[in-house]
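Undergrad: Provided below: upload06.cif, containing mmCIF, C-alpha atoms.
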data_run
loop_
_atom_site.label_atom_id
_atom_site.label_comp_id
_atom_site.auth_asym_id
_atom_site.auth_seq_id
_atom_site.Cartn_x
_atom_site.Cartn_y
_atom_site.Cartn_z
CA MET G 1 -58.74 46.33 -25.19
CA ARG G 2 -57.51 45.47 -21.71
CA GLU G 3 -58.41 41.78 -22.12
CA THR G 4 -56.35 41.47 -25.32
CA ILE G 5 -53.29 42.94 -23.62
CA GLY G 6 -53.80 40.44 -20.81
CA ILE G 7 -54.01 37.60 -23.31
CA VAL G 8 -50.80 38.79 -25.00
CA PHE G 9 -48.97 38.79 -21.67
CA MET G 10 -50.27 35.32 -20.87
CA ALA G 11 -49.12 34.08 -24.28
CA ALA G 12 -45.66 35.52 -23.56
CA GLY G 13 -45.70 33.63 -20.25
CA ILE G 14 -46.55 30.44 -22.09
CA VAL G 15 -43.63 30.99 -24.48
CA PHE G 16 -41.29 31.38 -21.51
CA LEU G 17 -42.67 28.23 -19.90
CA PHE G 18 -42.21 26.35 -23.15
CA PHE G 19 -38.56 27.35 -23.31
CA GLY G 20 -38.21 26.40 -19.65
CA ALA G 21 -39.59 22.95 -20.36
CA LEU G 22 -37.30 22.74 -23.39
CA GLY G 23 -34.33 23.78 -21.27
CA ILE G 24 -34.90 20.91 -18.86
CA TYR G 25 -34.28 18.31 -21.55
CA ARG G 26 -31.66 20.19 -23.51
CA TYR G 27 -28.86 20.21 -20.96
CA LYS G 28 -27.03 17.07 -19.89
CA ASN G 29 -25.52 18.09 -16.55
CA PHE G 30 -27.69 18.95 -13.61
CA TYR G 31 -26.39 22.43 -12.81
CA ALA G 32 -27.00 23.93 -16.25
CA ARG G 33 -30.43 22.34 -16.27
CA SER G 34 -31.44 23.69 -12.91
CA LEU G 35 -30.20 27.18 -13.80
CA VAL G 36 -32.30 27.29 -16.94
CA ALA G 37 -35.35 25.66 -15.43
CA SER G 38 -35.62 27.78 -12.32
CA LYS G 39 -34.85 31.12 -13.93
CA ILE G 40 -37.11 30.78 -16.97
CA ASP G 41 -39.85 29.20 -14.91
CA THR G 42 -39.89 32.16 -12.52
CA VAL G 43 -40.03 34.61 -15.41
CA GLY G 44 -42.87 32.63 -16.98
CA PHE G 45 -44.66 32.64 -13.65
CA LEU G 46 -44.34 36.41 -13.34
CA THR G 47 -45.39 37.15 -16.93
CA LEU G 48 -48.39 34.91 -16.71
CA LEU G 49 -49.56 36.44 -13.46
CA VAL G 50 -49.10 39.96 -14.81
CA GLY G 51 -51.23 38.88 -17.75
CA VAL G 52 -53.93 37.63 -15.41
CA MET G 53 -53.80 40.87 -13.44
CA ILE G 54 -54.13 43.00 -16.57
CA HIS G 55 -56.94 40.76 -17.79
CA LYS G 56 -58.86 41.24 -14.54
CA GLY G 57 -58.14 44.94 -14.12
CA ILE G 58 -58.10 46.82 -10.81
CA SER G 59 -59.98 44.66 -8.32
CA MET G 60 -59.60 42.55 -5.19
CA PHE G 61 -58.80 39.62 -7.41
CA SER G 62 -55.74 41.18 -8.98
CA LEU G 63 -54.61 42.38 -5.55
CA LYS G 64 -54.49 38.75 -4.40
CA VAL G 65 -52.73 37.76 -7.60
CA LEU G 66 -50.19 40.50 -6.87
CA ALA G 67 -49.60 38.98 -3.44
CA ILE G 68 -49.04 35.55 -4.95
CA LEU G 69 -46.80 37.07 -7.61
CA SER G 70 -44.56 38.81 -5.08
CA LEU G 71 -44.44 35.66 -2.97
CA GLY G 72 -43.57 33.47 -5.93
CA MET G 73 -40.86 35.92 -6.98
CA VAL G 74 -39.14 35.32 -3.64
CA ILE G 75 -39.88 31.63 -3.16
CA ASN G 76 -39.10 30.13 -6.56
CA PRO G 77 -35.45 31.21 -6.85
CA LEU G 78 -34.91 30.45 -3.17
CA VAL G 79 -36.11 26.87 -3.53
CA SER G 80 -34.09 26.27 -6.67
CA HIS G 81 -30.99 27.70 -5.00
CA TYR G 82 -31.48 25.46 -2.02
CA ILE G 83 -31.91 22.34 -4.15
CA VAL G 84 -28.72 23.01 -6.09
CA ARG G 85 -26.86 23.90 -2.90
CA SER G 86 -27.84 20.61 -1.28
CA ALA G 87 -26.81 18.80 -4.46
CA TYR G 88 -23.40 20.50 -4.45
CA LYS G 89 -22.83 20.09 -0.72
CA SER G 90 -23.62 16.38 -0.93
CA GLY G 91 -20.84 16.05 -3.47
CA TYR G 92 -22.78 15.67 -6.70
CA HIS G 93 -20.06 16.76 -9.12
CA VAL G 94 -20.68 16.46 -12.85
CA LYS G 95 -18.23 16.91 -15.71
CA LYS G 96 -18.73 20.03 -17.86
CA ASP G 97 -20.50 19.07 -21.10
CA ARG G 98 -18.75 20.66 -24.08
CA MET T 1 -57.99 31.54 -21.61
CA GLU T 2 -58.95 27.87 -21.71
CA ILE T 3 -56.34 27.26 -24.40
CA ILE T 4 -53.67 28.72 -22.12
CA LEU T 5 -54.87 26.47 -19.32
CA GLY T 6 -54.55 23.45 -21.61
CA LEU T 7 -51.07 24.47 -22.71
CA ILE T 8 -49.88 24.77 -19.14
CA ALA T 9 -51.32 21.33 -18.41
CA LEU T 10 -49.28 19.98 -21.30
CA LEU T 11 -46.12 21.69 -20.03
CA SER T 12 -46.65 20.35 -16.54
CA VAL T 13 -46.76 16.83 -17.96
CA VAL T 14 -43.41 17.58 -19.59
CA SER T 15 -42.01 18.71 -16.23
CA ALA T 16 -43.41 15.54 -14.65
CA GLY T 17 -41.44 13.67 -17.31
CA ARG T 18 -38.32 15.14 -15.84
CA ILE T 19 -39.32 13.77 -12.44
CA VAL T 20 -39.55 10.29 -13.92
CA ILE T 21 -36.36 10.49 -15.99
CA GLY T 22 -34.20 12.47 -13.61
CA PRO T 23 -30.97 10.51 -12.96
CA SER T 24 -30.33 11.97 -9.55
CA MET T 25 -32.61 12.75 -6.66
CA TRP T 26 -32.09 16.48 -7.04
CA ASP T 27 -33.37 16.35 -10.61
CA ARG T 28 -36.54 14.93 -9.21
CA LEU T 29 -36.75 17.69 -6.63
CA LEU T 30 -36.22 20.24 -9.39
CA GLY T 31 -38.93 18.62 -11.50
CA PHE T 32 -41.27 18.62 -8.53
CA ASN T 33 -40.62 22.29 -7.93
CA LEU T 34 -41.39 23.07 -11.56
CA LEU T 35 -44.53 20.96 -11.46
CA ALA T 36 -45.68 22.75 -8.31
CA SER T 37 -45.26 26.20 -9.84
CA LYS T 38 -47.06 25.12 -13.02
CA LEU T 39 -49.86 23.73 -10.90
CA MET T 40 -50.12 27.09 -9.16
CA MET T 41 -50.39 28.84 -12.51
CA MET T 42 -53.14 26.49 -13.58
CA ILE T 43 -55.14 27.12 -10.41
CA ILE T 44 -54.74 30.87 -10.81
CA LEU T 45 -55.94 30.67 -14.40
CA LEU T 46 -58.89 28.55 -13.32
CA ALA T 47 -59.73 31.14 -10.69
CA ALA T 48 -59.49 33.87 -13.34
CA ILE T 49 -61.76 31.96 -15.72
CA ARG T 50 -64.38 31.25 -13.07
CA GLY T 51 -63.97 34.56 -11.33
CA GLU T 52 -63.86 32.98 -7.88
CA SER T 53 -61.25 34.43 -5.57
CA TYR T 54 -61.22 31.76 -2.85
CA LEU T 55 -59.04 29.61 -5.11
CA LEU T 56 -56.31 32.24 -4.83
CA ASP T 57 -56.10 31.76 -1.08
CA MET T 58 -55.59 28.07 -1.71
CA VAL T 59 -52.76 28.84 -4.13
CA LEU T 60 -51.09 31.02 -1.51
CA VAL T 61 -51.18 28.20 1.04
CA TYR T 62 -50.07 25.66 -1.52
CA SER T 63 -47.06 27.70 -2.59
CA LEU T 64 -45.92 28.18 0.99
CA LEU T 65 -46.36 24.50 1.85
CA GLY T 66 -44.58 23.42 -1.33
CA PHE T 67 -41.78 25.78 -0.47
CA VAL T 68 -41.36 24.44 3.06
CA GLY T 69 -41.64 20.85 1.87
CA VAL T 70 -38.98 21.05 -0.81
CA ILE T 71 -36.64 23.06 1.40
CA PHE T 72 -36.91 20.46 4.14
CA ILE T 73 -36.39 17.52 1.78
CA SER T 74 -33.25 19.04 0.29
CA TRP T 75 -31.95 19.98 3.75
CA PHE T 76 -32.69 16.48 5.04
CA VAL T 77 -30.85 14.97 2.09
CA GLN T 78 -27.92 17.30 2.48
CA ARG T 79 -27.49 16.46 6.17
CA LYS T 80 -27.76 12.77 5.26
CA GLY T 81 -30.59 12.20 7.67
CA ARG T 82 -29.04 13.95 10.68
CA VAL T 83 -31.52 16.81 10.98
#
How does this structure look as structure tokens?
TA:
Amino acid sequence: MRETIGIVFMAAGIVFLFFGALGIYRYKNFYARSLVASKIDTVGFLTLLVGVMIHKGISMFSLKVLAILSLGMVINPLVSHYIVRSAYKSGYHVKKDR
Amino acid sequence: MEIILGLIALLSVVSAGRIVIGPSMWDRLLGFNLLASKLMMMIILLAAIRGESYLLDMVLVYSLLGFVGVIFISWFVQRKGRV
């Protein structure tokens, strides 16, 4: 029972990642693209790791996965923010697409 | 589980496509960041499939190094070389 719930969570993570990959190619200007990519990718990362944790149950393994999950939750948005900030500060202005 | 691993591999190739296509340098950084996080997910899934936990320590180190690397590249680019 627990494994199937884990698989369901992982499948949800895959769906998020698919939309993230779709979002990269959908948007023309950089800023919309980076917003979509970083946000959905982080959510996909979290959902997938929660799925792995549920799949493995209470153990040392899922404790380490929890550490990576909490770290990734902090790092991923921070890196994306910093990339877009450096793009904006270096004067990379794009026209709004429709 | 293996199917999910294969799907993530496919998606990481798509993110790598963005690195190749990306008009500006920051698109490439963004694509690299996405590729790095997908790579982490793949390693975690591999560790879950095999049941070995030493791979997770590697993922922890990799995520921190990737973080520091991308932050420094974007800071270096923003300061136009004057670090």
Undergrad: As a list in words, could you give me every residue of chain G near chain T (at most 7 Å apart, counting only C-alpha atoms)?
TA: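 Interface list for chain G against chain T: Phe18, Ala21, Phe30, Ser34, Phe45, Phe61, Lys64, Ile68, Ile75, Val79, Ser80, Tyr82, Ile83, Ser86, Ala87, Lys89 and Ser90 of chain G.
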Undergrad: Spell out the residues picked by the PyMOL selection byres ((chain G and resi 27) around 12) here, as a list in words.
TA: Gly20, Ala21, Leu22, Gly23, Ile24, Tyr25, Arg26, Lys28, Asn29, Phe30, Tyr31, Ala32, Arg33, Ser34, Leu35, Val36, Ala37, Lys96, Asp97 and Arg98 of chain G; Arg18, Gly22 and Asp27 of chain T
Undergrad: Go ahead and save the residues from that selection, with C-alpha atoms, as a compact mmCIF listing (two decimals), keeping the file's coordinate frame.
TA:
# COMPACT_ATOMS: atom_id res chain seq x y z
CA GLY G 20 -38.21 26.40 -19.65
CA ALA G 21 -39.59 22.95 -20.36
CA LEU G 22 -37.30 22.74 -23.39
CA GLY G 23 -34.33 23.78 -21.27
CA ILE G 24 -34.90 20.91 -18.86
CA TYR G 25 -34.28 18.31 -21.55
CA ARG G 26 -31.66 20.19 -23.51
CA LYS G 28 -27.03 17.07 -19.89
CA ASN G 29 -25.52 18.09 -16.55
CA PHE G 30 -27.69 18.95 -13.61
CA TYR G 31 -26.39 22.43 -12.81
CA ALA G 32 -27.00 23.93 -16.25
CA ARG G 33 -30.43 22.34 -16.27
CA SER G 34 -31.44 23.69 -12.91
CA LEU G 35 -30.20 27.18 -13.80
CA VAL G 36 -32.30 27.29 -16.94
CA ALA G 37 -35.35 25.66 -15.43
CA LYS G 96 -18.73 20.03 -17.86
CA ASP G 97 -20.50 19.07 -21.10
CA ARG G 98 -18.75 20.66 -24.08
CA ARG T 18 -38.32 15.14 -15.84
CA GLY T 22 -34.20 12.47 -13.61
CA ASP T 27 -33.37 16.35 -10.61
Undergrad: Just to confirm, what's the straight-line distance from atom CA of Ser59 of chain G to atom CA of Glu2 of chain T in Å (one decimal)?
TA: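 Computing it gives 21.5 Å between the two atoms.
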Undergrad: Provide the atom CA of Asn76 of chain G to atom CA of Gly6 of chain T distance in Å, to one decimal place.
TA: 22.6 Å
Undergrad: As a list in words, please: the residues near His55 of chain G (cut-off 9 Å, only C-alpha atoms, same-chain neighbours under 2 positions excluded).
TA: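 My reading of the contact set: Arg2, Glu3, Thr4, Ile5, Gly6, Ile7, Val50, Gly51, Val52, Met53, Gly57 and Ser62 of chain G; Ala48 of chain T.
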Undergrad: Mind pulling up the distance from atom CA of Ser70 of chain G to atom CA of Arg28 of chain T?
TA: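 Atom-to-atom, atom CA of Arg28 of chain T and atom CA of Ser70 of chain G are spaced 25.5 Å apart.
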Undergrad: Where's the centre, and what are the edge lengths in Å to one decimal, of a box along x, y and z enclosing all listed atoms of segment 9-22 of chain T padded 8 Å per side, as lines of an AutoDock Vina configuration file?
TA:
center_x = -42.8
center_y = 16.0
center_z = -16.9
size_x = 33.1
size_y = 27.4
size_z = 24.9
Undergrad: Using the chain letters and numbers from the file, which residues does the PyMOL selection byres ((chain G and resi 42) around 9) grab, as a list in words?
TA: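 Here the PyMOL selection byres ((chain G and resi 42) around 9) matches Leu17, Ala37, Ser38, Lys39, Ile40, Asp41, Val43, Gly44, Phe45, Leu46, Thr47, Gly72, Met73, Asn76 and Pro77 of chain G; Ser37 of chain T.
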